[in-house]
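Report on the following structure.
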Amino acid sequence: MKIISHRGASAYAPENTLEAFKLAVKMGSKDFEFDIHLTKDKVPVVHHDFHLLRTAGVKAEIADLNYADLKKINVARHFSEDYKFQYIPRVEEVLEIISPVADFINFEIKNDNNAYGGIEKIITDFIRLKKDVFEKAVVSCFDYPTAKRIRLCDKEVKMGYLGHSLTNLLLPIALKKAKEIEASSFHINFKIAFKMNISKLHQAGLKVYAYTVDDFKDVLRMKENGADGIFTNYPDII
Ligand code: G3P
Ligand code: CA
């Protein structure tokens with residue numbers, strides 16, 4: 001079962017920062033996930049929220065700042081008052097750290113309501129630049145219209161269907177959507193990653209990765225249920 005470092009080793013260092021990814025590598029991680037946004041000057045950057053309030057205590061949106069200004073903001077504040085300054089990294093910087101050791105890199109594009117027009121092509125072109133990155137890449141997005149546009153931009157890049165607010169009843173609809181974008185994996189909230197659901201997804205030819213699993217008991221349950229991987233903030237969990 002893959003143990004996918006979720007936002008890096010984000011239980012031990014500020015999420016989605018270079019320190020979090022360096023630590024994940026140090027812990028022996030080979031599988032990684034991070035979230036992508038675009039700055040005002042169209043630089044792909046790694047951060048979870050659209051806004052900077054939670055991580056930096058700053059009332060600003062990533063989309064409204066050029067990268068040179070964004071880089072001055074400390075996103076370690078929410079993690080600990082004492083943690084050394086951490087800026088929001090460019091996707092490229094994160095890849096420099098993880099790609100030499102990675103087997104699997106999940107690029108999760110955040111693009112609710114098409115907040116970043118054209119992000120699909122920017123990211124798929126970017127992934128295409130390096131063959132080794134392309135081979136390890138899996139692109140996902142909660143926003144289904146964005147997922148469809150990603151597939152239109154690149155017919156070959158591996159895609160993960162990212163399920164949102166799913167229930168057992170809604171799973172068949174999600175499975176249909178996953179097939180429409182020719183996903184190779186299904187990323188499911190661990191709360192509905194029951195044996196029967198995982199089995200249905202496997203029958204459809206999809207790998208199943210469950211998010212976000214931070215409790216050891218849940219890790220064992222995911223293994224028992226047949227998940228192919230878990231996203232966790234604790235890459236050293238097993
Ligand atoms: O991609 C799996 C997981 O990261 C999705 O949730 O909110 O942590 O991006 P979130
Ligand atoms: Ca994510």
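Ligands are numbered from 1 in the order shown, residues from 1 within each chain, and chains are lettered A, B, ... in the order they appear in the structure tokens.
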
Residues near His202 of chain A, cut-off 12 Å, only C-alpha atoms, skip fewer than 6 positions along chain, as a list in words: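 The filter keeps Leu175, Ser184, Ser185, Phe186, Ala193, Lys195, Met196, Val208, Tyr209, Asn225, Gly226, Ala227 and Asp228 of chain A.
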
Please report, as a Markdown table, each residue of chain A lying at most 8 Å from ligand 2, together with the nearest pair of atoms and the separation in Å rounded to one decimal; use only C-alpha atoms and all ligand atoms, and order rows by chain and ascending residue number.
```
| residue | atom | partner | partner_atom_place_in_ligand_line | distance |
| --- | --- | --- | --- | --- |
| A:His6 | CA | ligand 2 | 1 (Ca) | 7.0 |
| A:Arg7 | CA | ligand 2 | 1 (Ca) | 6.9 |
| A:Glu33 | CA | ligand 2 | 1 (Ca) | 6.6 |
| A:Phe34 | CA | ligand 2 | 1 (Ca) | 5.6 |
| A:Asp35 | CA | ligand 2 | 1 (Ca) | 5.0 |
| A:His48 | CA | ligand 2 | 1 (Ca) | 6.6 |
| A:Glu108 | CA | ligand 2 | 1 (Ca) | 5.7 |
```

Which residues of chain A come within 12 Å of ligand 1, and what is each one's closest atom pair and distance in Å (one decimal), counting only C-alpha atoms and all ligand atoms, sorted by chain and residue number, as JSON lines?
```
{"residue": "A:Ile4", "atom": "CA", "partner": "ligand 1", "partner_atom_place_in_ligand_line": "2 (C)", "distance": 9.6}
{"residue": "A:Ser5", "atom": "CA", "partner": "ligand 1", "partner_atom_place_in_ligand_line": "4 (O)", "distance": 9.7}
{"residue": "A:His6", "atom": "CA", "partner": "ligand 1", "partner_atom_place_in_ligand_line": "4 (O)", "distance": 6.3}
{"residue": "A:Arg7", "atom": "CA", "partner": "ligand 1", "partner_atom_place_in_ligand_line": "4 (O)", "distance": 7.4}
{"residue": "A:Gly8", "atom": "CA", "partner": "ligand 1", "partner_atom_place_in_ligand_line": "4 (O)", "distance": 10.7}
{"residue": "A:Ser10", "atom": "CA", "partner": "ligand 1", "partner_atom_place_in_ligand_line": "8 (O)", "distance": 10.8}
{"residue": "A:Glu15", "atom": "CA", "partner": "ligand 1", "partner_atom_place_in_ligand_line": "8 (O)", "distance": 10.2}
{"residue": "A:Asn16", "atom": "CA", "partner": "ligand 1", "partner_atom_place_in_ligand_line": "8 (O)", "distance": 10.7}
{"residue": "A:Phe32", "atom": "CA", "partner": "ligand 1", "partner_atom_place_in_ligand_line": "1 (O)", "distance": 10.0}
{"residue": "A:Glu33", "atom": "CA", "partner": "ligand 1", "partner_atom_place_in_ligand_line": "1 (O)", "distance": 6.8}
{"residue": "A:Phe34", "atom": "CA", "partner": "ligand 1", "partner_atom_place_in_ligand_line": "4 (O)", "distance": 7.1}
{"residue": "A:Asp35", "atom": "CA", "partner": "ligand 1", "partner_atom_place_in_ligand_line": "9 (O)", "distance": 6.4}
{"residue": "A:Ile36", "atom": "CA", "partner": "ligand 1", "partner_atom_place_in_ligand_line": "9 (O)", "distance": 9.5}
{"residue": "A:His37", "atom": "CA", "partner": "ligand 1", "partner_atom_place_in_ligand_line": "9 (O)", "distance": 11.7}
{"residue": "A:Val46", "atom": "CA", "partner": "ligand 1", "partner_atom_place_in_ligand_line": "9 (O)", "distance": 11.2}
{"residue": "A:His47", "atom": "CA", "partner": "ligand 1", "partner_atom_place_in_ligand_line": "9 (O)", "distance": 9.4}
{"residue": "A:His48", "atom": "CA", "partner": "ligand 1", "partner_atom_place_in_ligand_line": "9 (O)", "distance": 6.3}
{"residue": "A:Asp49", "atom": "CA", "partner": "ligand 1", "partner_atom_place_in_ligand_line": "7 (O)", "distance": 8.5}
{"residue": "A:Phe50", "atom": "CA", "partner": "ligand 1", "partner_atom_place_in_ligand_line": "9 (O)", "distance": 11.2}
{"residue": "A:Ile105", "atom": "CA", "partner": "ligand 1", "partner_atom_place_in_ligand_line": "1 (O)", "distance": 10.9}
{"residue": "A:Asn106", "atom": "CA", "partner": "ligand 1", "partner_atom_place_in_ligand_line": "1 (O)", "distance": 7.5}
{"residue": "A:Phe107", "atom": "CA", "partner": "ligand 1", "partner_atom_place_in_ligand_line": "1 (O)", "distance": 8.4}
{"residue": "A:Glu108", "atom": "CA", "partner": "ligand 1", "partner_atom_place_in_ligand_line": "1 (O)", "distance": 6.0}
{"residue": "A:Ile109", "atom": "CA", "partner": "ligand 1", "partner_atom_place_in_ligand_line": "9 (O)", "distance": 8.9}
{"residue": "A:Lys110", "atom": "CA", "partner": "ligand 1", "partner_atom_place_in_ligand_line": "9 (O)", "distance": 8.0}
{"residue": "A:Asn111", "atom": "CA", "partner": "ligand 1", "partner_atom_place_in_ligand_line": "9 (O)", "distance": 11.3}
{"residue": "A:Asp112", "atom": "CA", "partner": "ligand 1", "partner_atom_place_in_ligand_line": "9 (O)", "distance": 11.9}
{"residue": "A:Val138", "atom": "CA", "partner": "ligand 1", "partner_atom_place_in_ligand_line": "1 (O)", "distance": 10.4}
{"residue": "A:Val139", "atom": "CA", "partner": "ligand 1", "partner_atom_place_in_ligand_line": "1 (O)", "distance": 9.5}
{"residue": "A:Ser140", "atom": "CA", "partner": "ligand 1", "partner_atom_place_in_ligand_line": "1 (O)", "distance": 7.1}
{"residue": "A:Cys141", "atom": "CA", "partner": "ligand 1", "partner_atom_place_in_ligand_line": "1 (O)", "distance": 7.7}
{"residue": "A:Phe142", "atom": "CA", "partner": "ligand 1", "partner_atom_place_in_ligand_line": "5 (C)", "distance": 7.8}
{"residue": "A:Asp143", "atom": "CA", "partner": "ligand 1", "partner_atom_place_in_ligand_line": "5 (C)", "distance": 11.4}
{"residue": "A:Met159", "atom": "CA", "partner": "ligand 1", "partner_atom_place_in_ligand_line": "1 (O)", "distance": 11.6}
{"residue": "A:Gly160", "atom": "CA", "partner": "ligand 1", "partner_atom_place_in_ligand_line": "1 (O)", "distance": 8.8}
{"residue": "A:Tyr161", "atom": "CA", "partner": "ligand 1", "partner_atom_place_in_ligand_line": "1 (O)", "distance": 9.3}
{"residue": "A:Leu162", "atom": "CA", "partner": "ligand 1", "partner_atom_place_in_ligand_line": "1 (O)", "distance": 6.6}
{"residue": "A:Gly163", "atom": "CA", "partner": "ligand 1", "partner_atom_place_in_ligand_line": "5 (C)", "distance": 8.5}
{"residue": "A:His164", "atom": "CA", "partner": "ligand 1", "partner_atom_place_in_ligand_line": "5 (C)", "distance": 8.5}
{"residue": "A:Ser165", "atom": "CA", "partner": "ligand 1", "partner_atom_place_in_ligand_line": "6 (O)", "distance": 10.9}
{"residue": "A:Ser185", "atom": "CA", "partner": "ligand 1", "partner_atom_place_in_ligand_line": "1 (O)", "distance": 11.3}
{"residue": "A:Phe186", "atom": "CA", "partner": "ligand 1", "partner_atom_place_in_ligand_line": "1 (O)", "distance": 9.9}
{"residue": "A:His187", "atom": "CA", "partner": "ligand 1", "partner_atom_place_in_ligand_line": "2 (C)", "distance": 6.4}
{"residue": "A:Ile188", "atom": "CA", "partner": "ligand 1", "partner_atom_place_in_ligand_line": "2 (C)", "distance": 7.7}
{"residue": "A:Asn189", "atom": "CA", "partner": "ligand 1", "partner_atom_place_in_ligand_line": "2 (C)", "distance": 7.9}
{"residue": "A:Phe190", "atom": "CA", "partner": "ligand 1", "partner_atom_place_in_ligand_line": "2 (C)", "distance": 10.1}
{"residue": "A:Val208", "atom": "CA", "partner": "ligand 1", "partner_atom_place_in_ligand_line": "2 (C)", "distance": 11.4}
{"residue": "A:Tyr209", "atom": "CA", "partner": "ligand 1", "partner_atom_place_in_ligand_line": "2 (C)", "distance": 8.4}
{"residue": "A:Ala210", "atom": "CA", "partner": "ligand 1", "partner_atom_place_in_ligand_line": "2 (C)", "distance": 7.6}
{"residue": "A:Tyr211", "atom": "CA", "partner": "ligand 1", "partner_atom_place_in_ligand_line": "2 (C)", "distance": 5.3}
{"residue": "A:Thr212", "atom": "CA", "partner": "ligand 1", "partner_atom_place_in_ligand_line": "3 (C)", "distance": 6.4}
{"residue": "A:Val213", "atom": "CA", "partner": "ligand 1", "partner_atom_place_in_ligand_line": "3 (C)", "distance": 10.0}
{"residue": "A:Asp214", "atom": "CA", "partner": "ligand 1", "partner_atom_place_in_ligand_line": "8 (O)", "distance": 12.0}
{"residue": "A:Gly229", "atom": "CA", "partner": "ligand 1", "partner_atom_place_in_ligand_line": "2 (C)", "distance": 11.2}
{"residue": "A:Ile230", "atom": "CA", "partner": "ligand 1", "partner_atom_place_in_ligand_line": "2 (C)", "distance": 9.1}
{"residue": "A:Phe231", "atom": "CA", "partner": "ligand 1", "partner_atom_place_in_ligand_line": "2 (C)", "distance": 6.6}
{"residue": "A:Thr232", "atom": "CA", "partner": "ligand 1", "partner_atom_place_in_ligand_line": "4 (O)", "distance": 8.9}
{"residue": "A:Asn233", "atom": "CA", "partner": "ligand 1", "partner_atom_place_in_ligand_line": "8 (O)", "distance": 9.6}
```

Picked from segment 3-236 of chain A by DSSP as helix (DSSP H, G or I), as a PyMOL selection string: chain A and resi 18-26+53-56+62-64+67-70+91-98+112-114+119-128+131-136+144-153+171-180+190-192+195-203+216-225

Residue neighbourhood Tyr67 of chain A, 7 Å, only C-alpha atoms, exclusion window fewer than 5 positions, as a PyMOL selection string: chain A and resi 39+41+43

Using only C-alpha atoms: which of A:Ile98, A:Leu170, A:Ile181, A:Ile123 has the shortest distance to Leu152 of chain A: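 Looking only at the distances to Leu152 of chain A, the closest residue turns out to be A:Ile181.
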
Test item: residues at most 9 Å from Ala60 of chain A, only C-alpha atoms, excluding those fewer than 4 positions along its chain, as a list in words: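 The filter keeps Phe50, His51, Leu52, Leu53, Asp64 and Leu65 of chain A.
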
Store the residues of this selection in a file with N, CA, C and O atoms, as a short mmCIF file (atom, residue, chain, number, x, y, z; two decimals), in the first residue's frame.
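Writing the result to out14.cif gives the following:
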```cif
data_model
loop_
_atom_site.label_atom_id
_atom_site.label_comp_id
_atom_site.auth_asym_id
_atom_site.auth_seq_id
_atom_site.Cartn_x
_atom_site.Cartn_y
_atom_site.Cartn_z
N PHE A 50 -7.01 28.94 -1.11
CA PHE A 50 -6.96 30.06 -2.06
C PHE A 50 -6.49 31.32 -1.33
O PHE A 50 -5.88 32.20 -1.91
N HIS A 51 -6.83 31.37 -0.06
CA HIS A 51 -6.60 32.54 0.78
C HIS A 51 -5.39 32.32 1.68
O HIS A 51 -5.00 31.18 1.91
N LEU A 52 -4.82 33.41 2.21
CA LEU A 52 -3.63 33.26 3.06
C LEU A 52 -3.93 33.41 4.55
O LEU A 52 -3.02 33.43 5.38
N LEU A 53 -5.20 33.54 4.87
CA LEU A 53 -5.57 33.82 6.26
C LEU A 53 -5.19 32.71 7.23
O LEU A 53 -4.58 32.94 8.26
N ASP A 64 -4.40 37.31 -6.28
CA ASP A 64 -4.24 38.77 -6.36
C ASP A 64 -2.81 39.24 -6.18
O ASP A 64 -2.54 40.44 -6.21
N LEU A 65 -1.89 38.30 -5.94
CA LEU A 65 -0.50 38.71 -5.67
C LEU A 65 0.46 38.17 -6.73
O LEU A 65 0.32 37.02 -7.17
#
```
